[in-house]
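Here's the structure, in C-alpha coordinates; my notes come after.
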Amino acid sequence: MRYFPSVLDEKGALALYQRLYDLIAEEGYGFWALELKSTGQTIGFTGLRLIRTGIPGAPFVEVGWRLAQPFWGFGYATEAGQASLEYAFNELEEQAIYAFTSLDNQPSRRVMNRLGMHDTGEEFDHPAIEEGHPLARQCLYKINRPA
(Lines give C-alpha, C1' and ligand atoms only; values in the text may rest on other atoms or scores of the structure.)
Protein backbone atom coordinates (compact mmCIF):
# COMPACT_ATOMS: atom_id res chain seq x y z
CA MET A 1 0.00 0.00 0.00
CA ARG A 2 3.05 2.25 -0.42
CA TYR A 3 1.33 4.36 -3.07
CA PHE A 4 -2.07 4.51 -1.38
CA PRO A 5 -3.11 7.14 1.16
CA SER A 6 -3.65 4.66 3.99
CA VAL A 7 -3.29 1.01 4.92
CA LEU A 8 -6.50 -0.96 5.29
CA ASP A 9 -7.28 -2.81 8.49
CA GLU A 10 -9.09 -6.16 8.30
CA LYS A 11 -12.52 -4.51 8.31
CA GLY A 12 -11.48 -2.12 5.54
CA ALA A 13 -9.97 -4.94 3.48
CA LEU A 14 -13.18 -6.98 3.76
CA ALA A 15 -15.24 -3.93 2.75
CA LEU A 16 -12.98 -3.41 -0.28
CA TYR A 17 -13.33 -7.08 -1.22
CA GLN A 18 -17.13 -6.81 -1.02
CA ARG A 19 -17.16 -3.59 -3.07
CA LEU A 20 -14.99 -5.19 -5.79
CA TYR A 21 -17.20 -8.29 -5.78
CA ASP A 22 -20.34 -6.14 -6.10
CA LEU A 23 -18.84 -4.16 -8.98
CA ILE A 24 -18.20 -7.37 -10.93
CA ALA A 25 -21.85 -8.34 -10.39
CA GLU A 26 -23.02 -4.90 -11.56
CA GLU A 27 -20.69 -4.34 -14.51
CA GLY A 28 -19.89 -7.91 -15.58
CA TYR A 29 -16.16 -7.26 -15.12
CA GLY A 30 -13.91 -5.76 -12.50
CA PHE A 31 -10.79 -6.43 -10.48
CA TRP A 32 -10.04 -10.15 -10.28
CA ALA A 33 -7.82 -12.05 -7.86
CA LEU A 34 -4.28 -12.46 -9.13
CA GLU A 35 -2.55 -15.68 -8.19
CA LEU A 36 0.66 -17.47 -8.99
CA LYS A 37 0.11 -20.18 -11.59
CA SER A 38 2.63 -22.47 -9.90
CA THR A 39 1.10 -22.45 -6.41
CA GLY A 40 -2.31 -20.77 -6.57
CA GLN A 41 -1.15 -18.26 -3.94
CA THR A 42 -3.09 -14.98 -4.12
CA ILE A 43 -0.65 -12.12 -4.67
CA GLY A 44 -2.99 -9.24 -5.39
CA PHE A 45 -5.61 -8.26 -7.93
CA THR A 46 -5.85 -6.86 -11.41
CA GLY A 47 -8.50 -5.98 -13.92
CA LEU A 48 -10.83 -3.31 -15.16
CA ARG A 49 -13.11 -0.78 -13.53
CA LEU A 50 -15.56 1.73 -14.91
CA ILE A 51 -14.67 5.23 -13.71
CA ARG A 52 -17.85 7.25 -13.90
CA THR A 53 -16.72 10.66 -12.68
CA GLY A 54 -14.07 12.62 -10.79
CA ILE A 55 -11.11 11.85 -13.07
CA PRO A 56 -10.38 13.87 -16.24
CA GLY A 57 -11.96 12.24 -19.29
CA ALA A 58 -14.43 10.14 -17.28
CA PRO A 59 -16.43 8.11 -17.91
CA PHE A 60 -13.89 5.53 -19.04
CA VAL A 61 -12.61 2.04 -18.25
CA GLU A 62 -9.48 1.90 -16.11
CA VAL A 63 -6.95 -0.91 -16.03
CA GLY A 64 -5.38 -1.43 -12.63
CA TRP A 65 -3.42 -3.76 -10.41
CA ARG A 66 -2.33 -4.07 -6.83
CA LEU A 67 0.28 -6.63 -5.85
CA ALA A 68 1.84 -7.48 -2.53
CA GLN A 69 5.35 -6.00 -2.42
CA PRO A 70 7.21 -9.36 -2.34
CA PHE A 71 5.83 -9.94 -5.86
CA TRP A 72 6.97 -6.64 -7.39
CA GLY A 73 9.59 -6.81 -10.12
CA PHE A 74 8.72 -10.22 -11.57
CA GLY A 75 6.56 -9.01 -14.47
CA TYR A 76 3.29 -10.16 -12.88
CA ALA A 77 1.62 -6.74 -13.08
CA THR A 78 2.61 -6.39 -16.73
CA GLU A 79 1.37 -9.88 -17.60
CA ALA A 80 -1.91 -9.35 -15.77
CA GLY A 81 -2.33 -5.85 -17.18
CA GLN A 82 -1.84 -7.17 -20.71
CA ALA A 83 -4.47 -9.86 -20.16
CA SER A 84 -6.85 -7.20 -18.81
CA LEU A 85 -6.25 -4.99 -21.87
CA GLU A 86 -6.89 -7.92 -24.21
CA TYR A 87 -10.18 -8.56 -22.41
CA ALA A 88 -11.13 -4.88 -22.59
CA PHE A 89 -10.43 -4.61 -26.31
CA ASN A 90 -11.59 -8.06 -27.48
CA GLU A 91 -14.52 -8.84 -25.17
CA LEU A 92 -15.77 -5.43 -24.07
CA GLU A 93 -14.82 -3.79 -27.40
CA GLU A 94 -13.57 -0.67 -25.63
CA GLN A 95 -11.85 1.88 -27.86
CA ALA A 96 -9.47 3.21 -25.19
CA ILE A 97 -8.36 2.23 -21.70
CA TYR A 98 -6.92 4.54 -19.06
CA ALA A 99 -4.81 4.19 -15.93
CA PHE A 100 -3.83 6.70 -13.28
CA THR A 101 -1.54 6.82 -10.30
CA SER A 102 0.31 9.23 -8.05
CA LEU A 103 3.12 11.10 -9.75
CA ASP A 104 5.73 9.34 -7.59
CA ASN A 105 4.52 5.80 -8.28
CA GLN A 106 7.33 4.88 -10.67
CA PRO A 107 6.71 1.10 -10.47
CA SER A 108 3.15 1.47 -11.80
CA ARG A 109 4.21 4.08 -14.34
CA ARG A 110 6.82 1.62 -15.67
CA VAL A 111 4.11 -1.04 -15.99
CA MET A 112 1.90 1.42 -17.87
CA ASN A 113 4.78 2.14 -20.26
CA ARG A 114 5.48 -1.58 -20.76
CA LEU A 115 1.79 -2.07 -21.60
CA GLY A 116 2.16 0.48 -24.40
CA MET A 117 0.20 3.16 -22.58
CA HIS A 118 1.26 6.77 -22.98
CA ASP A 119 1.27 9.58 -20.46
CA THR A 120 -1.42 12.04 -21.56
CA GLY A 121 0.41 14.85 -19.78
CA GLU A 122 -2.71 15.58 -17.77
CA GLU A 123 -2.19 15.88 -14.03
CA PHE A 124 -5.00 16.22 -11.52
CA ASP A 125 -5.80 15.98 -7.84
CA HIS A 126 -7.49 12.68 -7.02
CA PRO A 127 -10.95 13.48 -5.63
CA ALA A 128 -10.79 10.75 -2.95
CA ILE A 129 -7.45 11.90 -1.49
CA GLU A 130 -7.30 14.86 0.85
CA GLU A 131 -5.86 18.06 -0.53
CA GLY A 132 -2.16 18.42 0.22
CA HIS A 133 -1.56 14.70 0.70
CA PRO A 134 1.72 13.66 -1.02
CA LEU A 135 -0.17 11.15 -3.19
CA ALA A 136 -3.03 13.46 -4.20
CA ARG A 137 -1.43 14.65 -7.44
CA GLN A 138 -2.02 12.04 -10.14
CA CYS A 139 -1.03 11.41 -13.76
CA LEU A 140 -3.24 9.92 -16.46
CA TYR A 141 -2.16 7.28 -18.99
CA LYS A 142 -4.07 5.98 -22.01
CA ILE A 143 -3.90 3.26 -24.65
CA ASN A 144 -6.10 3.06 -27.74
CA ARG A 145 -7.54 -0.12 -29.15
CA PRO A 146 -5.11 -1.64 -31.64
CA ALA A 147 -6.07 -1.15 -35.26
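Residues are named by chain letter and number: chains run A, B, ... in the order of the C-alpha coordinates, numbers start at 1 in each chain, and ligands are numbered from 1 in the order shown.
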
Go through region 32-70 of chain A and flag each residue having an atom no more than 8 Å from region 84-91 of chain A; for those, report the closest pair of atoms plus their distance in Å to one decimal, using only C-alpha atoms, ordered by chain and rising number, as a tab-separated table.
residue	atom	partner	partner_atom	distance
A:Thr46	CA	A:Ser84	CA	7.5
A:Gly47	CA	A:Ser84	CA	5.3
A:Leu48	CA	A:Ser84	CA	6.7
A:Val63	CA	A:Ser84	CA	6.9

Can you check which residues of chain A DSSP gives as helix (DSSP H, G or I) on the backbone and send them as a ChimeraX atom specification? /A:10-27,69-71,76-90,106-114

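From CA of Gly73 (chain A) back to CA of Ile97 (chain A), the distance works out to 23.2 Å.
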
With distances taken over only C-alpha atoms, which of A:Lys37, A:Phe45, A:Arg114, A:Pro59 is nearest to Leu20 (chain A)? A:Phe45

Arg49 (chain A) surroundings by only C-alpha atoms, 10 Å radius, close-in-sequence under 3 positions cut, as a list in words: Leu20, Leu23, Ile24, Glu27, Tyr29, Gly30, Phe31, Thr46, Arg52, Phe60, Val61, Glu62, Val63, Gly64, Ile97, Tyr98 and Ala99 of chain A

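Of the listed residues (A:Glu79, A:Ala96, A:Phe74, A:Gln69), A:Gln69 comes nearest to Gly44 (chain A); the distances count only C-alpha atoms.
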